[in-house]
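Asker: One structure follows; several queries about it will come next.
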Amino acid sequence: MSDLPGYMRTCLNTGKLLSLAILVSGGIVLQILACALYNNWWPMLSGSNDSIFDESDNSSWVNFTKFLTGASTVGGIAIPSILKHAGVIGWGAFAMELSSYFVFGLTLICYLWMSDEDDYSIL
(Lines give C-alpha, C1' and ligand atoms only; values in the text may rest on other atoms or scores of the structure.)
Protein backbone atom coordinates (compact mmCIF):
# COMPACT_ATOMS: atom_id res chain seq x y z
CA MET A 1 0.00 0.00 0.00
CA SER A 2 3.03 2.28 0.32
CA ASP A 3 3.35 2.52 -3.47
CA LEU A 4 -0.04 4.24 -3.80
CA PRO A 5 -0.22 8.03 -4.05
CA GLY A 6 -1.25 9.95 -0.95
CA TYR A 7 -4.68 10.92 -2.26
CA MET A 8 -5.48 7.26 -2.98
CA ARG A 9 -4.47 6.16 0.54
CA THR A 10 -6.63 8.93 2.00
CA CYS A 11 -9.58 7.80 -0.11
CA LEU A 12 -9.15 4.18 1.00
CA ASN A 13 -8.92 5.18 4.67
CA THR A 14 -12.06 7.30 4.29
CA GLY A 15 -13.85 4.29 2.79
CA LYS A 16 -12.79 2.14 5.75
CA LEU A 17 -14.09 4.72 8.19
CA LEU A 18 -17.34 5.06 6.26
CA SER A 19 -17.94 1.30 6.23
CA LEU A 20 -17.34 1.08 9.99
CA ALA A 21 -19.71 3.99 10.58
CA ILE A 22 -22.39 2.26 8.50
CA LEU A 23 -21.96 -0.98 10.48
CA VAL A 24 -22.22 0.80 13.84
CA SER A 25 -25.26 2.76 12.64
CA GLY A 26 -26.88 -0.46 11.45
CA GLY A 27 -26.33 -2.06 14.85
CA ILE A 28 -27.85 0.90 16.64
CA VAL A 29 -30.83 0.94 14.28
CA LEU A 30 -31.42 -2.79 14.84
CA GLN A 31 -31.30 -2.30 18.60
CA ILE A 32 -33.80 0.56 18.48
CA LEU A 33 -36.07 -1.30 16.04
CA ALA A 34 -36.09 -4.31 18.36
CA CYS A 35 -37.77 -2.05 20.89
CA ALA A 36 -39.86 0.27 18.74
CA LEU A 37 -41.48 -2.25 16.39
CA TYR A 38 -42.76 -4.40 19.22
CA ASN A 39 -43.61 -1.50 21.57
CA ASN A 40 -41.47 -3.00 24.30
CA TRP A 41 -38.35 -1.20 25.53
CA TRP A 42 -36.93 -3.99 27.70
CA PRO A 43 -34.32 -5.07 25.08
CA MET A 44 -32.58 -1.72 25.56
CA LEU A 45 -31.11 -3.13 28.79
CA SER A 46 -28.56 -5.11 26.82
CA GLY A 47 -26.41 -2.32 25.37
CA SER A 48 -23.37 -3.91 23.75
CA ASN A 49 -19.90 -2.98 24.90
CA ASP A 50 -16.94 -4.86 23.49
CA SER A 51 -13.26 -4.60 24.35
CA ILE A 52 -10.03 -6.41 23.53
CA PHE A 53 -7.95 -7.53 26.48
CA ASP A 54 -4.32 -6.50 26.73
CA GLU A 55 -2.44 -9.05 28.83
CA SER A 56 0.55 -6.80 29.57
CA ASP A 57 -1.10 -4.92 32.48
CA ASN A 58 -1.88 -6.75 35.69
CA SER A 59 -3.09 -3.97 37.97
CA SER A 60 -6.26 -4.38 39.97
CA TRP A 61 -8.05 -1.62 38.00
CA VAL A 62 -7.26 -3.30 34.70
CA ASN A 63 -8.55 -6.62 36.02
CA PHE A 64 -11.69 -4.93 37.33
CA THR A 65 -12.40 -3.34 33.94
CA LYS A 66 -11.82 -6.70 32.26
CA PHE A 67 -14.39 -8.21 34.61
CA LEU A 68 -16.90 -5.46 33.85
CA THR A 69 -16.33 -5.84 30.11
CA GLY A 70 -16.87 -9.59 30.36
CA ALA A 71 -20.03 -9.13 32.39
CA SER A 72 -21.31 -6.57 29.88
CA THR A 73 -20.55 -8.86 26.95
CA VAL A 74 -22.27 -11.86 28.53
CA GLY A 75 -25.16 -9.64 29.58
CA GLY A 76 -25.57 -8.45 26.01
CA ILE A 77 -26.62 -11.97 25.06
CA ALA A 78 -28.07 -13.16 28.37
CA ILE A 79 -30.50 -10.31 29.04
CA PRO A 80 -32.47 -10.70 25.79
CA SER A 81 -32.44 -14.48 26.26
CA ILE A 82 -33.85 -14.19 29.78
CA LEU A 83 -36.45 -11.65 28.68
CA LYS A 84 -37.55 -13.95 25.84
CA HIS A 85 -37.70 -16.94 28.16
CA ALA A 86 -39.85 -14.97 30.62
CA GLY A 87 -42.19 -13.93 27.82
CA VAL A 88 -41.48 -10.24 28.25
CA ILE A 89 -40.28 -9.77 24.65
CA GLY A 90 -41.25 -11.56 21.44
CA TRP A 91 -39.21 -13.53 18.92
CA GLY A 92 -38.83 -10.55 16.59
CA ALA A 93 -37.35 -8.28 19.25
CA PHE A 94 -35.12 -11.13 20.41
CA ALA A 95 -33.81 -11.76 16.88
CA MET A 96 -33.19 -8.08 16.21
CA GLU A 97 -31.39 -7.63 19.51
CA LEU A 98 -29.06 -10.56 18.85
CA SER A 99 -28.47 -9.40 15.27
CA SER A 100 -27.51 -5.94 16.55
CA TYR A 101 -25.04 -7.60 18.92
CA PHE A 102 -23.65 -9.57 15.97
CA VAL A 103 -23.29 -6.36 13.89
CA PHE A 104 -21.42 -4.64 16.75
CA GLY A 105 -19.07 -7.62 17.02
CA LEU A 106 -18.54 -7.65 13.25
CA THR A 107 -17.74 -3.94 13.39
CA LEU A 108 -15.11 -4.54 16.06
CA ILE A 109 -13.51 -7.34 14.06
CA CYS A 110 -13.54 -5.24 10.88
CA TYR A 111 -11.94 -2.35 12.73
CA LEU A 112 -9.16 -4.56 14.05
CA TRP A 113 -8.66 -6.12 10.61
CA MET A 114 -8.50 -2.75 8.82
CA SER A 115 -6.40 -1.02 11.43
CA ASP A 116 -2.85 -0.28 10.38
CA GLU A 117 -1.62 -0.43 13.95
CA ASP A 118 -0.06 -3.63 15.27
CA ASP A 119 -1.24 -3.13 18.85
CA TYR A 120 -3.80 -5.92 18.58
CA SER A 121 -2.41 -9.00 16.89
CA ILE A 122 -5.33 -11.38 17.39
CA LEU A 123 -6.33 -11.48 13.73
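Naming scheme: A, B, ... for chains in displayed order of the C-alpha coordinates; residues 1 onward per chain; ligands 1 onward as shown.
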Please provide as a count of residues only all residues within 9 Å of A:Trp41, with the sequence filter that same-chain residues fewer than 6 positions apart are discarded (counting only C-alpha atoms).
Answerer: 4
Asker: Given only C-alpha atoms, how would the per-residue table for stretch 80-118 of chain A near stretch 70-74 of chain A read, listing every residue at most 12 Å away with its closest atom pair and distance in Å to one decimal, sorted by chain and number, as JSON lines?
Answerer:
```
{"residue": "A:Pro80", "atom": "CA", "partner": "A:Val74", "partner_atom": "CA", "distance": 10.6}
{"residue": "A:Ser81", "atom": "CA", "partner": "A:Val74", "partner_atom": "CA", "distance": 10.7}
{"residue": "A:Ile82", "atom": "CA", "partner": "A:Val74", "partner_atom": "CA", "distance": 11.9}
{"residue": "A:Leu98", "atom": "CA", "partner": "A:Thr73", "partner_atom": "CA", "distance": 11.9}
{"residue": "A:Tyr101", "atom": "CA", "partner": "A:Thr73", "partner_atom": "CA", "distance": 9.3}
{"residue": "A:Phe102", "atom": "CA", "partner": "A:Thr73", "partner_atom": "CA", "distance": 11.4}
{"residue": "A:Phe104", "atom": "CA", "partner": "A:Thr73", "partner_atom": "CA", "distance": 11.1}
{"residue": "A:Gly105", "atom": "CA", "partner": "A:Thr73", "partner_atom": "CA", "distance": 10.1}
```
Asker: Could you turn the residues from that selection into a file that holds N, CA and C atoms, as a short mmCIF file (atom, residue, chain, number, x, y, z; two decimals), in the first residue's frame?
Answerer:
```cif
data_model
loop_
_atom_site.label_atom_id
_atom_site.label_comp_id
_atom_site.auth_asym_id
_atom_site.auth_seq_id
_atom_site.Cartn_x
_atom_site.Cartn_y
_atom_site.Cartn_z
N PRO A 80 -31.36 -10.41 26.71
CA PRO A 80 -32.47 -10.70 25.79
C PRO A 80 -32.95 -12.15 25.88
N SER A 81 -32.04 -13.08 26.13
CA SER A 81 -32.44 -14.48 26.26
C SER A 81 -33.35 -14.69 27.47
N ILE A 82 -33.03 -14.08 28.58
CA ILE A 82 -33.85 -14.19 29.78
C ILE A 82 -35.21 -13.52 29.58
N LEU A 98 -30.25 -9.74 19.07
CA LEU A 98 -29.06 -10.56 18.85
C LEU A 98 -28.36 -10.20 17.55
N TYR A 101 -26.25 -7.20 18.21
CA TYR A 101 -25.04 -7.60 18.92
C TYR A 101 -24.02 -8.19 17.94
N PHE A 102 -24.51 -9.00 16.99
CA PHE A 102 -23.65 -9.57 15.97
C PHE A 102 -23.03 -8.48 15.09
N PHE A 104 -22.44 -5.33 15.96
CA PHE A 104 -21.42 -4.64 16.75
C PHE A 104 -20.13 -5.46 16.82
N GLY A 105 -20.26 -6.76 17.00
CA GLY A 105 -19.07 -7.62 17.02
C GLY A 105 -18.36 -7.64 15.68
#
```
Asker: Using only C-alpha atoms, find the one residue out of A:Ser100, A:Leu17, A:Thr65, A:Trp42 that sits nearest to A:Ile79.
Answerer: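 Nearest candidate to A:Ile79 out of A:Ser100, A:Leu17, A:Thr65, A:Trp42: A:Trp42.
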Asker: Have a look at A:Val29, A:Ser115, A:Glu97, A:Ser60 and name the one nearest to A:Ala78; count only C-alpha atoms.
Answerer: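 With only C-alpha atoms as the atom set, the closest residue is A:Glu97.
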Asker: Write out as a list in words which residues come within 10 Å of A:Met114 when counting only C-alpha atoms, dropping same-chain ones fewer than 6 positions away.
Answerer: Asn13, Lys16, Leu17, Leu20 and Leu108 of chain A
Asker: Could you take the residues named above and write them with N, CA and C atoms, as a CSV table (one decimal), in the first residue's frame?
Answerer:
```
chain,number,residue,atom,x,y,z
A,13,ASN,N,-8.7,5.1,3.2
A,13,ASN,CA,-8.9,5.2,4.7
A,13,ASN,C,-10.3,5.8,5.0
A,16,LYS,N,-12.8,3.0,4.6
A,16,LYS,CA,-12.8,2.1,5.7
A,16,LYS,C,-13.6,2.7,6.9
A,17,LEU,N,-13.4,4.0,7.1
A,17,LEU,CA,-14.1,4.7,8.2
A,17,LEU,C,-15.6,4.8,7.9
A,20,LEU,N,-17.2,1.3,8.6
A,20,LEU,CA,-17.3,1.1,10.0
A,20,LEU,C,-18.5,1.9,10.6
A,108,LEU,N,-16.4,-4.5,15.3
A,108,LEU,CA,-15.1,-4.5,16.1
A,108,LEU,C,-14.1,-5.4,15.3
```
